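Written below as structure tokens is the structure these notes are about.
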Amino acid sequence: QDAKPHPCVTGVQTCALPIPARLIEAAGLKGTRVGGAQVSEKHANFIINTGSARAADIDRLIALVRDRVAEASGVHLVTEVKRVGGEAS
């Protein structure tokens, strides 16, 4: 069974390697939501749009994940998100 989120759900992969996913999961962040953005419950390395996420929701969720992983493990994740367009408001 594929560990990636459902293919019909738009999403953002936050980091390319499986190690960050383990750190995100160990920090208890699977399923965490900010607005319409959610850390995937299937694979913690993905942030999915539950249908109403705004760019600002995704940005805030990424920041929350990075902060909590750093607090829990001392590891500072680097995102691989390539932004298109302006800053989120």
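Chains: A, B, ... in order of the structure tokens. Residues: from 1 per chain. Ligands: from 1, in order shown.
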
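Near Ser40 (chain A), within 7 Å and counting only C-alpha atoms, sit Pro5, Lys30, Gly31, His43, Ala44, Phe46, Ile47 and Ile48 of chain A, not including residues fewer than 3 positions from it in the same chain.
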
Those residues you just picked out, can you put them in a file as a tab-separated table (two decimals), in the first residue's frame with N, CA and C atoms?
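Writing done, so here's out02.tsv:
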```tsv
chain	number	residue	atom	x	y	z
A	5	PRO	N	-0.13	10.50	0.41
A	5	PRO	CA	-1.53	10.91	0.55
A	5	PRO	C	-2.35	10.53	-0.68
A	30	LYS	N	1.55	14.22	12.98
A	30	LYS	CA	0.65	13.67	11.95
A	30	LYS	C	-0.78	14.12	12.26
A	31	GLY	N	-1.46	14.63	11.24
A	31	GLY	CA	-2.84	15.07	11.42
A	31	GLY	C	-3.00	16.49	11.94
A	43	HIS	N	1.51	10.00	5.57
A	43	HIS	CA	2.95	10.24	5.42
A	43	HIS	C	3.25	11.65	5.90
A	44	ALA	N	3.95	11.74	7.01
A	44	ALA	CA	4.17	13.03	7.68
A	44	ALA	C	4.98	14.03	6.87
A	46	PHE	N	4.24	15.12	4.04
A	46	PHE	CA	3.35	15.84	3.14
A	46	PHE	C	2.38	16.71	3.91
A	47	ILE	N	2.15	17.90	3.38
A	47	ILE	CA	1.09	18.77	3.88
A	47	ILE	C	0.02	18.76	2.81
A	48	ILE	N	-1.21	18.46	3.23
A	48	ILE	CA	-2.30	18.37	2.27
A	48	ILE	C	-3.28	19.52	2.46
```

Check: Given the choices A:Ala27, A:Ala37, A:Ala72, A:Ile19, which gets closest to Arg60 (chain A) if the distance is worked out from only C-alpha atoms?
Finding: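 Nearest to Arg60 (chain A): A:Ala37.
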
Item checked: From A:Gly74, A:Thr32, A:Lys42, A:Thr79, residue lying nearest Leu61 (chain A) [only C-alpha atoms] ->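 Using only C-alpha atoms, the shortest distance to Leu61 (chain A) belongs to A:Thr32.
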
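Considering only C-alpha atoms, the residue among A:Val69, A:Val75, A:Ile58, A:Val81 positioned nearest to Val39 (chain A) is A:Ile58.
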
Next item on the list: Can you work out the spacing between CA of Ala26 (chain A) and CA of Asn45 (chain A) in Å, to one decimal?
Entry: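 Calculated distance between CA of Ala26 (chain A) and CA of Asn45 (chain A) is 11.9 Å.
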
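Nearest residue to Arg66 (chain A) among A:Arg22, A:Ser52, A:Gly36, A:Val78 is A:Val78, counting only C-alpha atoms.
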
Next item on the list: Compile the contact shell of Leu77 (chain A) as a list in words: residues with an atom at most 9 Å away, counting only C-alpha atoms, same-chain residues fewer than 4 positions apart removed.
Entry: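 Those residues are Cys15, Pro20, Val65, Arg66, Asp67, Val69 and Ala70 of chain A.
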
Notebook entry, point to check: Just how far from CA of Ser73 (chain A) is CA of Leu23 (chain A), in Å to one decimal?
Noted result: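 These atoms are spaced 7.4 Å apart.
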